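Asks: Dropping in input-v7.cif, with mmCIF, C-alpha atoms.
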```cif
data_data
loop_
_atom_site.label_atom_id
_atom_site.label_comp_id
_atom_site.auth_asym_id
_atom_site.auth_seq_id
_atom_site.Cartn_x
_atom_site.Cartn_y
_atom_site.Cartn_z
CA MET A 574 -9.54 44.29 -152.05
CA SER A 575 -11.43 46.38 -149.48
CA VAL A 576 -11.02 49.88 -150.89
CA TYR A 577 -14.12 52.03 -151.03
CA ARG A 578 -15.02 55.66 -151.62
CA PRO A 579 -16.92 57.28 -148.72
CA LYS A 580 -19.81 59.54 -149.55
CA GLY A 581 -18.61 63.07 -150.21
CA SER A 582 -14.93 62.12 -150.52
CA PRO A 583 -12.99 62.17 -153.81
CA TYR A 584 -10.52 59.60 -152.46
CA TYR A 585 -10.73 55.83 -151.98
CA HIS A 586 -10.17 54.57 -148.44
CA PHE A 587 -8.87 51.23 -147.17
CA ASP A 588 -10.23 49.28 -144.21
CA PHE A 589 -8.92 45.82 -143.28
CA GLN A 590 -7.83 43.69 -140.36
CA CYS A 591 -4.47 42.02 -139.91
CA ARG A 592 -4.63 39.28 -137.28
CA GLY A 593 -7.17 41.12 -135.17
CA VAL A 594 -5.72 44.63 -135.60
CA ARG A 595 -7.74 47.09 -137.66
CA PHE A 596 -6.04 49.37 -140.19
CA HIS A 597 -7.95 52.09 -142.03
CA GLY A 598 -7.37 55.42 -143.71
CA SER A 599 -7.34 57.31 -146.99
CA THR A 600 -5.31 56.16 -149.98
CA LYS A 601 -5.21 59.73 -151.34
CA GLN A 602 -6.05 58.23 -154.75
CA THR A 603 -9.07 58.93 -156.93
CA GLU A 604 -8.53 55.94 -159.26
CA ARG A 605 -9.51 52.52 -157.94
CA ARG A 606 -6.54 50.72 -159.51
CA LEU A 607 -4.05 53.07 -157.84
CA ALA A 608 -5.98 52.90 -154.56
CA GLU A 609 -5.76 49.08 -154.57
CA ALA A 610 -1.99 49.34 -155.06
CA VAL A 611 -1.78 51.62 -152.00
CA GLU A 612 -3.88 49.15 -150.02
CA ARG A 613 -1.55 46.27 -150.95
CA SER A 614 1.37 48.30 -149.67
CA GLU A 615 -0.50 49.13 -146.46
CA ARG A 616 -1.26 45.43 -145.91
CA LYS A 617 2.43 44.52 -146.21
CA GLN A 618 3.42 47.26 -143.78
CA ALA A 619 0.67 46.20 -141.38
CA ALA A 620 1.81 42.57 -141.46
CA ALA A 621 5.42 43.61 -140.77
CA SER A 622 4.30 45.88 -137.93
CA VAL A 623 2.18 43.22 -136.25
CA SER A 624 4.95 40.63 -136.64
CA ALA A 625 7.45 42.98 -135.02
CA ASP A 626 5.11 43.50 -132.08
CA ARG A 627 4.68 39.75 -131.68
CA ALA A 628 8.44 39.15 -131.85
CA ARG A 629 8.99 41.51 -128.91
CA THR A 630 6.74 39.36 -126.75
CA ALA A 631 8.83 37.20 -124.41
CA GLY A 632 8.07 33.65 -123.28
CA PRO A 633 6.69 30.59 -125.12
CA MET A 634 5.39 31.14 -128.61
CA THR A 635 1.71 31.99 -128.56
CA PHE A 636 -0.63 30.85 -131.28
CA ASP A 637 -1.14 34.46 -132.35
CA ALA A 638 2.61 34.83 -132.88
CA ALA A 639 2.81 31.50 -134.73
CA ALA A 640 -0.14 32.38 -136.97
CA GLY A 641 1.35 35.79 -137.73
CA ARG A 642 4.72 34.34 -138.61
CA TYR A 643 3.14 31.66 -140.80
CA TRP A 644 1.21 34.37 -142.66
CA ASP A 645 4.35 36.42 -143.23
CA GLU A 646 6.47 33.49 -144.40
CA VAL A 647 3.91 31.37 -146.26
CA GLY A 648 0.25 32.41 -146.23
CA GLN A 649 0.39 35.78 -147.96
CA HIS A 650 2.36 34.34 -150.88
CA ILE A 651 -0.06 31.61 -151.99
CA ALA A 652 -2.82 31.94 -154.60
CA SER A 653 -5.68 31.75 -152.07
CA ALA A 654 -4.11 34.31 -149.71
CA SER A 655 -7.32 36.18 -148.87
CA GLU A 656 -9.14 32.98 -147.91
CA THR A 657 -6.13 31.78 -145.91
CA GLU A 658 -6.07 35.09 -144.04
CA ARG A 659 -9.74 34.75 -143.06
CA ASN A 660 -9.18 31.18 -141.89
CA ILE A 661 -6.13 32.18 -139.84
CA GLU A 662 -8.06 35.01 -138.19
CA ARG A 663 -10.84 32.57 -137.29
CA LEU A 664 -8.38 30.13 -135.72
CA VAL A 665 -6.72 32.90 -133.70
CA GLU A 666 -10.11 34.03 -132.40
CA TRP A 667 -11.26 30.53 -131.47
CA ILE A 668 -7.99 29.23 -130.02
CA GLY A 669 -7.08 32.49 -128.25
CA LYS A 670 -4.24 34.88 -128.99
CA GLU A 671 -2.28 34.08 -125.83
CA THR A 672 -2.66 30.29 -125.98
CA PRO A 673 0.83 28.73 -126.24
CA VAL A 674 1.26 26.47 -129.26
CA ALA A 675 2.62 23.80 -126.92
CA GLU A 676 -0.80 23.58 -125.24
CA ILE A 677 -2.80 22.83 -128.40
CA THR A 678 -4.01 19.24 -127.98
CA ASP A 679 -6.33 16.70 -129.58
CA ASP A 680 -9.14 18.11 -127.46
CA THR A 681 -8.47 21.59 -128.87
CA VAL A 682 -8.66 20.36 -132.46
CA ALA A 683 -11.78 18.26 -131.81
CA ARG A 684 -13.58 21.31 -130.41
CA LEU A 685 -12.49 23.46 -133.35
CA VAL A 686 -13.73 20.90 -135.87
CA ALA A 687 -17.08 20.53 -134.10
CA ARG A 688 -17.56 24.31 -133.98
CA ARG A 689 -16.70 24.75 -137.66
CA ARG A 690 -19.03 21.91 -138.69
CA GLY A 691 -21.88 23.69 -136.96
CA GLN A 692 -21.51 26.81 -139.08
CA HIS A 693 -23.59 27.53 -142.17
CA ARG A 694 -21.98 28.34 -145.49
CA ARG A 695 -21.44 32.10 -145.72
CA GLY A 696 -23.58 32.42 -142.59
CA GLU A 697 -26.76 31.62 -144.54
CA LYS A 698 -28.96 28.79 -143.23
CA HIS A 699 -30.53 28.06 -146.61
CA LEU A 700 -27.07 27.21 -148.00
CA GLY A 701 -26.60 24.38 -145.52
CA PHE A 702 -23.65 23.55 -143.27
CA VAL A 703 -20.00 23.93 -144.18
CA SER A 704 -18.83 20.85 -146.10
CA PRO A 705 -16.37 18.33 -144.60
CA ALA A 706 -13.81 19.34 -147.23
CA GLN A 707 -14.05 23.00 -146.17
CA VAL A 708 -13.74 22.04 -142.50
CA ASN A 709 -10.58 20.07 -143.30
CA ARG A 710 -9.02 22.90 -145.30
CA SER A 711 -9.96 25.77 -143.01
CA VAL A 712 -9.28 24.10 -139.66
CA THR A 713 -7.40 20.81 -139.47
CA GLN A 714 -5.04 21.12 -142.44
CA LEU A 715 -4.27 24.80 -141.87
CA LEU A 716 -3.65 24.35 -138.15
CA ARG A 717 -1.45 21.35 -138.89
CA ARG A 718 0.67 23.40 -141.32
CA ILE A 719 1.13 26.16 -138.75
CA LEU A 720 2.14 23.81 -135.91
CA THR A 721 4.34 21.66 -138.15
CA ARG A 722 6.24 24.76 -139.24
CA ALA A 723 6.54 25.83 -135.60
CA ARG A 724 8.09 22.47 -134.70
CA LYS A 725 10.30 21.90 -137.75
CA VAL A 726 11.38 25.42 -138.70
CA TRP A 727 11.05 27.53 -135.55
CA LYS A 728 12.08 24.66 -133.26
CA GLU A 729 9.16 25.09 -130.88
CA PRO A 730 8.56 22.02 -128.69
CA LEU A 731 5.12 20.45 -129.11
CA PRO A 732 4.87 17.77 -126.42
CA THR A 733 1.12 17.23 -126.98
CA GLU A 734 0.96 17.66 -130.77
CA PRO A 735 -2.43 16.34 -131.94
CA ASN A 736 -2.96 13.14 -133.89
CA TRP A 737 -4.02 14.95 -137.06
CA THR A 738 -5.32 11.89 -138.91
CA ALA A 739 -7.96 11.36 -136.22
CA HIS A 740 -9.48 14.79 -136.91
CA VAL A 741 -9.70 14.69 -140.71
CA LEU A 742 -13.32 14.34 -141.79
CA ALA A 743 -14.31 11.87 -144.50
CA GLU A 744 -14.98 13.65 -147.78
CA PRO A 745 -17.36 12.40 -150.46
CA ARG A 746 -15.83 10.68 -153.45
CA GLU A 747 -15.14 12.77 -156.54
CA ARG A 748 -18.35 13.74 -158.33
CA THR A 749 -18.88 12.58 -161.90
CA ARG A 750 -21.51 15.15 -162.88
CA GLU A 751 -21.36 16.46 -166.43
CA LEU A 752 -23.53 19.14 -168.03
CA SER A 753 -25.44 17.49 -170.86
CA TYR A 754 -25.99 19.33 -174.14
CA GLN A 755 -29.76 19.42 -173.51
CA GLU A 756 -29.14 21.00 -170.08
CA GLU A 757 -26.71 23.47 -171.59
CA ARG A 758 -29.30 24.58 -174.14
CA ARG A 759 -31.82 25.21 -171.36
CA LEU A 760 -29.18 27.08 -169.38
CA GLU A 761 -28.37 29.32 -172.34
CA GLU A 762 -32.01 30.33 -172.58
CA VAL A 763 -32.17 31.71 -169.03
CA GLU A 764 -28.64 32.75 -167.98
CA ARG A 765 -27.63 36.40 -167.96
CA ALA A 766 -25.63 37.50 -170.99
CA ASP A 767 -23.02 39.29 -168.85
CA TYR A 768 -22.29 36.11 -166.86
CA ARG A 769 -22.27 33.73 -169.84
CA PRO A 770 -18.63 34.45 -170.93
CA ALA A 771 -17.31 33.46 -167.49
CA ARG A 772 -19.34 30.24 -167.52
CA LEU A 773 -18.23 29.31 -171.05
CA PHE A 774 -14.61 30.16 -170.26
CA ALA A 775 -14.65 27.89 -167.19
CA GLN A 776 -16.28 25.14 -169.22
CA ILE A 777 -13.80 25.33 -172.12
CA THR A 778 -10.59 25.76 -170.13
CA GLY A 779 -11.40 23.64 -167.09
CA LEU A 780 -10.12 26.40 -164.80
CA ARG A 781 -11.39 26.66 -161.24
CA ARG A 782 -13.83 29.39 -160.22
CA ARG A 783 -11.20 31.44 -158.37
CA GLU A 784 -8.88 31.32 -161.38
CA VAL A 785 -11.69 32.48 -163.66
CA VAL A 786 -12.96 35.46 -161.65
CA SER A 787 -9.43 36.70 -160.89
CA LEU A 788 -8.31 36.63 -164.53
CA THR A 789 -6.85 39.95 -165.72
CA TRP A 790 -5.94 41.23 -169.17
CA ARG A 791 -2.26 41.11 -168.26
CA GLN A 792 -2.53 37.32 -168.13
CA ILE A 793 -3.79 37.09 -171.72
CA ASP A 794 -1.27 37.42 -174.54
CA PHE A 795 -3.23 37.69 -177.78
CA GLU A 796 -0.04 37.94 -179.85
CA ALA A 797 1.33 34.65 -178.53
CA ASP A 798 -2.20 33.22 -178.19
CA VAL A 799 -1.68 32.03 -174.60
CA ILE A 800 -3.25 32.59 -171.18
CA ARG A 801 -1.00 32.41 -168.12
CA VAL A 802 -2.51 31.56 -164.74
CA VAL A 803 -1.28 30.37 -161.36
CA GLY A 804 -3.26 27.31 -160.38
CA LYS A 805 -3.85 25.34 -157.23
CA GLY A 806 -0.67 24.83 -155.22
CA ASP A 807 0.88 27.87 -156.94
CA LYS A 808 1.54 25.82 -160.06
CA PRO A 809 2.00 27.91 -163.23
CA HIS A 810 -0.35 26.95 -166.03
CA ILE A 811 -0.37 28.03 -169.67
CA ILE A 812 -3.51 27.63 -171.80
CA PRO A 813 -3.52 28.17 -175.58
CA VAL A 814 -6.01 30.67 -176.97
CA THR A 815 -8.08 28.75 -179.49
CA PRO A 816 -10.27 30.50 -182.10
CA ASP A 817 -13.30 29.87 -179.90
CA LEU A 818 -11.59 31.41 -176.87
CA HIS A 819 -10.40 34.35 -178.95
CA ALA A 820 -13.95 34.99 -180.16
CA LEU A 821 -15.18 34.77 -176.56
CA LEU A 822 -12.56 37.07 -175.00
CA TRP A 823 -11.84 39.69 -177.65
CA PRO A 824 -15.20 41.55 -177.39
CA LEU A 825 -14.77 41.82 -173.58
CA ARG A 826 -11.72 44.11 -173.80
CA ARG A 827 -13.75 47.31 -173.76
CA HIS A 828 -15.69 46.38 -170.62
CA HIS A 829 -12.96 46.84 -167.98
CA GLU A 830 -9.34 47.96 -168.02
CA THR A 831 -8.13 45.30 -165.56
CA ASN A 832 -10.54 42.39 -165.08
CA VAL A 833 -11.64 40.15 -167.93
CA PHE A 834 -15.03 39.07 -166.64
CA THR A 835 -17.50 41.70 -165.47
CA TYR A 836 -21.23 42.07 -164.89
CA VAL A 837 -23.72 44.90 -165.27
CA CYS A 838 -25.10 46.07 -161.92
CA GLN A 839 -28.90 45.66 -161.94
CA ARG A 840 -29.71 48.10 -159.13
CA THR A 841 -27.91 50.76 -157.11
CA ARG A 842 -26.85 49.32 -153.77
CA THR A 843 -24.07 49.14 -151.18
CA GLU A 844 -21.89 46.03 -151.31
CA PRO A 845 -21.98 44.32 -147.87
CA ARG A 846 -18.34 43.22 -147.74
CA SER A 847 -16.48 46.28 -149.05
CA ARG A 848 -19.23 48.86 -148.32
CA ARG A 849 -18.63 50.37 -151.75
CA GLN A 850 -21.48 51.93 -153.70
CA LEU A 851 -22.58 50.04 -156.83
CA ILE A 852 -24.38 52.04 -159.49
CA ALA A 853 -27.09 50.50 -161.67
CA GLY A 854 -25.98 50.12 -165.28
CA GLU A 855 -22.24 50.22 -164.45
CA ARG A 856 -19.92 47.26 -164.97
CA TYR A 857 -17.97 45.69 -162.10
CA PRO A 858 -15.65 42.65 -161.86
CA ILE A 859 -17.45 39.36 -161.25
CA THR A 860 -16.66 38.07 -157.76
CA TYR A 861 -16.11 34.52 -156.53
CA TRP A 862 -19.40 34.45 -154.60
CA GLY A 863 -21.26 36.46 -157.22
CA LEU A 864 -20.54 33.91 -159.93
CA GLY A 865 -21.71 31.10 -157.67
CA SER A 866 -24.94 32.87 -156.75
CA GLU A 867 -25.81 33.72 -160.34
CA MET A 868 -25.05 30.16 -161.49
CA ARG A 869 -27.37 28.74 -158.84
CA ARG A 870 -30.19 31.04 -159.96
CA ALA A 871 -29.69 30.20 -163.63
CA LEU A 872 -29.51 26.45 -162.97
CA LYS A 873 -32.75 26.59 -161.00
CA LYS A 874 -34.51 28.46 -163.81
CA ALA A 875 -33.16 25.95 -166.34
CA ASP A 876 -34.37 23.03 -164.18
CA VAL A 877 -30.83 21.61 -163.95
CA SER A 878 -30.50 19.75 -160.66
CA ASP A 879 -27.52 18.38 -158.75
CA PHE A 880 -25.05 20.58 -160.61
CA ARG A 881 -22.33 22.70 -159.02
CA ILE A 882 -20.13 25.34 -160.54
CA HIS A 883 -17.06 23.11 -160.13
CA ASP A 884 -18.79 20.57 -162.38
CA LEU A 885 -18.07 22.92 -165.30
CA ARG A 886 -14.44 21.86 -164.89
CA HIS A 887 -15.47 18.23 -164.99
CA THR A 888 -17.64 18.89 -168.06
CA GLY A 889 -14.73 20.43 -169.96
CA ALA A 890 -12.41 17.56 -169.03
CA THR A 891 -14.90 14.86 -170.01
CA ARG A 892 -15.74 16.48 -173.34
CA ALA A 893 -12.06 16.93 -174.15
CA LEU A 894 -11.36 13.27 -173.38
CA ARG A 895 -14.35 12.13 -175.43
CA ALA A 896 -13.20 14.20 -178.42
CA THR A 897 -9.51 13.27 -178.30
CA GLY A 898 -9.30 10.00 -176.39
CA ASN A 899 -6.02 11.35 -174.95
CA LEU A 900 -5.92 11.32 -171.14
CA LYS A 901 -2.47 12.96 -171.06
CA LEU A 902 -3.81 16.02 -172.90
CA VAL A 903 -6.69 16.29 -170.43
CA GLN A 904 -4.16 16.07 -167.59
CA LYS A 905 -2.29 19.02 -169.09
CA LEU A 906 -5.53 20.97 -169.57
CA LEU A 907 -6.46 20.54 -165.90
CA ASN A 908 -2.87 21.18 -164.73
CA HIS A 909 -2.76 17.97 -162.72
CA SER A 910 0.59 16.69 -161.48
CA SER A 911 -0.61 13.09 -161.49
CA LEU A 912 -2.51 11.15 -164.14
CA ARG A 913 -4.33 9.33 -161.35
CA VAL A 914 -6.02 12.59 -160.32
CA THR A 915 -7.13 13.21 -163.89
CA GLU A 916 -8.81 9.81 -164.07
CA LYS A 917 -11.36 11.02 -161.50
CA TYR A 918 -12.63 13.53 -164.05
CA ALA A 919 -12.47 11.20 -167.04
CA HIS A 920 -15.37 8.92 -166.16
CA ALA A 921 -17.39 6.96 -168.69
CA SER A 922 -20.88 8.39 -168.96
CA LEU A 923 -24.00 6.32 -169.57
CA GLU A 924 -24.07 7.53 -173.18
CA ASP A 925 -20.43 6.52 -173.64
CA LEU A 926 -21.26 3.08 -172.26
CA ARG A 927 -24.31 2.78 -174.53
CA ASP A 928 -22.21 3.70 -177.58
CA ALA A 929 -19.56 1.17 -176.58
CA MET A 930 -22.18 -1.58 -176.17
CA MET A 931 -23.72 -0.74 -179.55
CA GLN A 932 -20.28 -0.82 -181.20
CA THR A 933 -19.61 -4.16 -179.53
CA ALA A 934 -22.93 -5.57 -180.78
CA SER A 935 -22.24 -4.30 -184.32
CA ASP A 936 -18.77 -5.81 -184.29
CA ASP A 937 -20.20 -9.05 -182.93
CA ARG A 938 -22.75 -9.27 -185.78
CA ARG A 939 -20.05 -8.55 -188.36
CA ARG A 940 -17.79 -11.26 -187.00
CA ARG A 941 -20.66 -13.79 -186.78
CA ALA A 942 -21.62 -13.12 -190.41
CA LYS A 943 -18.00 -13.50 -191.47
CA SER A 944 -17.73 -16.75 -189.52
CA ARG A 945 -20.89 -18.17 -191.17
CA LYS A 946 -19.61 -17.15 -194.61
CA ASN A 947 -16.27 -18.83 -194.00
CA SER A 948 -18.05 -21.92 -192.71
CA ARG A 949 -20.21 -22.21 -195.86
CA THR A 950 -17.19 -21.69 -198.09
CA ALA A 951 -15.26 -24.39 -196.29
CA SER A 952 -18.24 -26.80 -196.51
CA ALA A 953 -18.59 -26.21 -200.26
CA ASP A 954 -14.87 -26.81 -200.80
CA TRP A 955 -15.09 -30.11 -198.85
CA GLU A 956 -18.03 -31.37 -200.91
CA LYS A 957 -16.07 -30.75 -204.08
#
```
The structure in this file should be written as C-alpha cells.
Replies:
Amino acid sequence: MSVYRPKGSPYYHFDFQCRGVRFHGSTKQTERRLAEAVERSERKQAAASVSADRARTAGPMTFDAAAGRYWDEVGQHIASASETERNIERLVEWIGKETPVAEITDDTVARLVARRRGQHRRGEKHLGFVSPAQVNRSVTQLLRRILTRARKVWKEPLPTEPNWTAHVLAEPRERTRELSYQEERRLEEVERADYRPARLFAQITGLRRREVVSLTWRQIDFEADVIRVVGKGDKPHIIPVTPDLHALLWPLRRHHETNVFTYVCQRTRTEPRSRRQLIAGERYPITYWGLGSEMRRALKKADVSDFRIHDLRHTGATRALRATGNLKLVQKLLNHSSLRVTEKYAHASLEDLRDAMMQTASDDRRRRAKSRKNSRTASADWEK
C-alpha cells in the first residue's frame, strides 16, 4: 500500500501510478486500515479508467493497451500483484507505449534482457546484479504471457513472435543449503527479538518470505488450529497450528490489529517508498525487503556465510524429512504439486551420509560376527 499522512493533515492520502498515469488524493480517513481500503478501491477505478481510454484507441493493439488489458484480466488477481505491476510498468516504459505488439521481435526481447541484466538489485551496487531467475520472471516470462494472451485470447496477429526459449537465461541448480544447529545458536545470540518470530515461523512452516510478511490475523484460526494462506501460483494452502506455532504466535496478538509480524522502529525517519513518517518506539508491519535486510545483518554478525532467507524454507523441509522420513508429508508442507519438486529440498546432508555410513559399518560388523559364530557352530557339529 502507498497511503501516507502528510504533515499537518489528519487524513491519509494515496499516491500511486497505474500504467504510467499518476493518481493521488486524500482518502478522507484518519485510520490507516480504512485508508488502505479506500486506496484499493481507487486502484480498481484507476485501472478501469485507463483500460477504457486504451480501448477507445483505434488501430493495431499497442503494447500499452495489451499490458493494461493483461493487468485487468490476470495480473491484479494473482498473489504477487504488486511485483507484477512494477514489472509491467517497466516493460511498458522500455518497449514504448505506442509500439504495436505485432512489432515485438527477437531483437526487442534480446535488448530487454540485456538491459535488465545490467541493473543492480534494488538499485544498490553492493547487492550485485539482478539474478538470471529474476530477469526471466520480470522480462521474458511476463512478456511471453502478455503476447501469448494477445494471440490466443484477443486474436491479435503476431507475425514475428519471438523464439522465447532462446531468451531464457540459465538458472543455477536448486541450492541445498541448510541452517545447522550450531549456526542457528549463533544467529539467536545476535538477531533482533522483534524479527525472530518471523524467522522462526518461516523456518517451521516452510512458507516463502512474501507469504510470511503478508500474513494477517484473519488467516489464523486458533479455534480450528489452522493457518490459511495463498501460495505460489495462487494455490490455497492450509497449515496446522502446532503447540510450538501456537506458543510463537499467541503473544504477538497485541502488537498489531492486522499484521502478524511487526518490528519496533529504532529511529524516527521517513520511509523512502511510501514517504510515511515512522516514529521511534512504534511497531510497524515487517516488509518483504525489511526482513531480507535484517536477516543479512544478523547472518553477518553470526558469521553465517552463503545463507539466504529462502534457505529457511529448505531448512524446514530437510528437518521435517529427517524427523519423519516421509517425503509426501514434506511435499504437503511445502505445498508442492509434484513430488519431484520436493526432492530438490530433501537432499542428504553430509551428517546424514555419515550416520548412514556408520549404521552400515555397525550392521556389517554384526553380520560378520554372526557369520563367524555360525561357522564355528557348524564346524563343531561336523567334528562330532
Asks: Extract, using only C-alpha atoms, all DNA, RNA and protein residues at most 12 Å from A:Phe636, discarding same-chain residues fewer than 3 positions from it, and format them as a PyMOL selection string.
Replies: chain A and resi 592+627+633+639-643+661-677+716+719-720+723+729
Asks: May I have the residues within 10 Å of A:Ser878 as JSON, numbers by chain, using only C-alpha atoms and disregarding those fewer than 6 positions away in the same chain?
Replies: {"A": [756, 869, 872]}
Asks: Could you tell me how far atom CA of A:Phe834 sits from atom CA of A:Arg783, in Å to one decimal place?
Replies: 11.9 Å
Asks: Starting from the PyMOL selection byres ((chain A and resi 876) around 12), expand the selection into actual residues of this file and give them as an mmCIF file with C-alpha atoms, keeping the file's coordinate frame.
Replies:
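Written output follows (selection-v4.cif):
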```cif
data_model
loop_
_atom_site.group_PDB
_atom_site.id
_atom_site.type_symbol
_atom_site.label_atom_id
_atom_site.label_comp_id
_atom_site.auth_asym_id
_atom_site.auth_seq_id
_atom_site.Cartn_x
_atom_site.Cartn_y
_atom_site.Cartn_z
ATOM 1 C CA GLN A 755 -29.760 19.420 -173.510
ATOM 2 C CA GLU A 756 -29.140 21.000 -170.080
ATOM 3 C CA GLU A 757 -26.710 23.470 -171.590
ATOM 4 C CA ARG A 758 -29.300 24.580 -174.140
ATOM 5 C CA ARG A 759 -31.820 25.210 -171.360
ATOM 6 C CA LEU A 760 -29.180 27.080 -169.380
ATOM 7 C CA GLU A 761 -28.370 29.320 -172.340
ATOM 8 C CA GLU A 762 -32.010 30.330 -172.580
ATOM 9 C CA VAL A 763 -32.170 31.710 -169.030
ATOM 10 C CA GLU A 764 -28.640 32.750 -167.980
ATOM 11 C CA ARG A 869 -27.370 28.740 -158.840
ATOM 12 C CA ARG A 870 -30.190 31.040 -159.960
ATOM 13 C CA ALA A 871 -29.690 30.200 -163.630
ATOM 14 C CA LEU A 872 -29.510 26.450 -162.970
ATOM 15 C CA LYS A 873 -32.750 26.590 -161.000
ATOM 16 C CA LYS A 874 -34.510 28.460 -163.810
ATOM 17 C CA ALA A 875 -33.160 25.950 -166.340
ATOM 18 C CA VAL A 877 -30.830 21.610 -163.950
ATOM 19 C CA SER A 878 -30.500 19.750 -160.660
ATOM 20 C CA ASP A 879 -27.520 18.380 -158.750
ATOM 21 C CA PHE A 880 -25.050 20.580 -160.610
#
```
Asks: Distance atom CA of A:Gly701-atom CA of A:Tyr857, one decimal place?
Replies: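 These two atoms are separated by 28.3 Å.
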Asks: In terms of the shortest atom-to-atom distance over all atoms listed in the file, which of A:Thr897, A:Arg772, A:Ser582, A:Arg746 is closest to A:Glu867?
Replies: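 Looking at the shortest contact to A:Glu867, the residue is A:Arg772.
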Asks: Considering all atoms listed in the file, state which residue in the set A:Arg605, A:His810, A:His909, A:Arg892 is at the smallest distance from A:Arg849.
Replies: A:Arg605
Asks: Selection in question (the file shown): the PyMOL selection byres ((chain A and resi 823) around 12). Which residues does it include, as a list in words?
Replies: Pro770, Trp790, Ile793, Asp794, Phe795, Asp798, Val814, Thr815, Pro816, Asp817, Leu818, His819, Ala820, Leu821, Leu822, Pro824, Leu825, Arg826, Arg827, His828, Val833 and Phe834 of chain A
Asks: Starting from 8 Å padding per side, set up an axis-aligned box that covers all listed atoms of stretch 810-828 of chain A and hand over centre and edge lengths in Å, one decimal, as AutoDock Vina command-line options.
Replies:
```
--center_x -8.0 --center_y 37.1 --center_z -174.1 --size_x 31.3 --size_y 36.4 --size_z 32.1
```
Asks: Which residues match the PyMOL selection byres ((chain A and resi 683-687) around 9) in the file above, as a PDB file with C-alpha atoms, in the frame of the given file?
Replies:
```
ATOM      1  CA  LEU A 664      -8.380  30.130-135.720  1.00  0.00           C
ATOM      2  CA  TRP A 667     -11.260  30.530-131.470  1.00  0.00           C
ATOM      3  CA  ILE A 668      -7.990  29.230-130.020  1.00  0.00           C
ATOM      4  CA  THR A 678      -4.010  19.240-127.980  1.00  0.00           C
ATOM      5  CA  ASP A 679      -6.330  16.700-129.580  1.00  0.00           C
ATOM      6  CA  ASP A 680      -9.140  18.110-127.460  1.00  0.00           C
ATOM      7  CA  THR A 681      -8.470  21.590-128.870  1.00  0.00           C
ATOM      8  CA  VAL A 682      -8.660  20.360-132.460  1.00  0.00           C
ATOM      9  CA  ARG A 688     -17.560  24.310-133.980  1.00  0.00           C
ATOM     10  CA  ARG A 689     -16.700  24.750-137.660  1.00  0.00           C
ATOM     11  CA  ARG A 690     -19.030  21.910-138.690  1.00  0.00           C
ATOM     12  CA  GLY A 691     -21.880  23.690-136.960  1.00  0.00           C
ATOM     13  CA  VAL A 708     -13.740  22.040-142.500  1.00  0.00           C
ATOM     14  CA  ASN A 709     -10.580  20.070-143.300  1.00  0.00           C
ATOM     15  CA  VAL A 712      -9.280  24.100-139.660  1.00  0.00           C
ATOM     16  CA  THR A 713      -7.400  20.810-139.470  1.00  0.00           C
ATOM     17  CA  HIS A 740      -9.480  14.790-136.910  1.00  0.00           C
ATOM     18  CA  VAL A 741      -9.700  14.690-140.710  1.00  0.00           C
ATOM     19  CA  LEU A 742     -13.320  14.340-141.790  1.00  0.00           C
TER      20      LEU A 742
END
```
Asks: Dig up all the protein and nucleic acid residues within 7 Å of (-11.6, 22.4, -175.2) in the file frame, using all atoms listed in the file, and format them as a list of chain:residue names.
Replies: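 Protein, DNA and RNA residues close to (-11.6, 22.4, -175.2): A:Ile777, A:Thr778, A:Gly889, A:Ala893.
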Asks: Write the residues of the selection above to a file with C-alpha atoms, as a PDB file, in the coordinates of the input.
Replies:
```
ATOM      1  CA  ILE A 777     -13.800  25.330-172.120  1.00  0.00           C
ATOM      2  CA  THR A 778     -10.590  25.760-170.130  1.00  0.00           C
ATOM      3  CA  GLY A 889     -14.730  20.430-169.960  1.00  0.00           C
ATOM      4  CA  ALA A 893     -12.060  16.930-174.150  1.00  0.00           C
TER       5      ALA A 893
END
```
Asks: Enter the distance from atom CA of A:Lys805 to atom CA of A:Lys901, in Å, rounded to one decimal.
Replies: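 Taking atom CA of A:Lys805 and atom CA of A:Lys901, their separation equals 18.6 Å.
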Asks: Tell me which residues come within 9 Å of (-18.4, 31.8, -166.1), as a ChimeraX atom specification, counting only C-alpha atoms in the file's coordinates.
Replies: /A:768-776,782,785-786,834,864,868,882,885
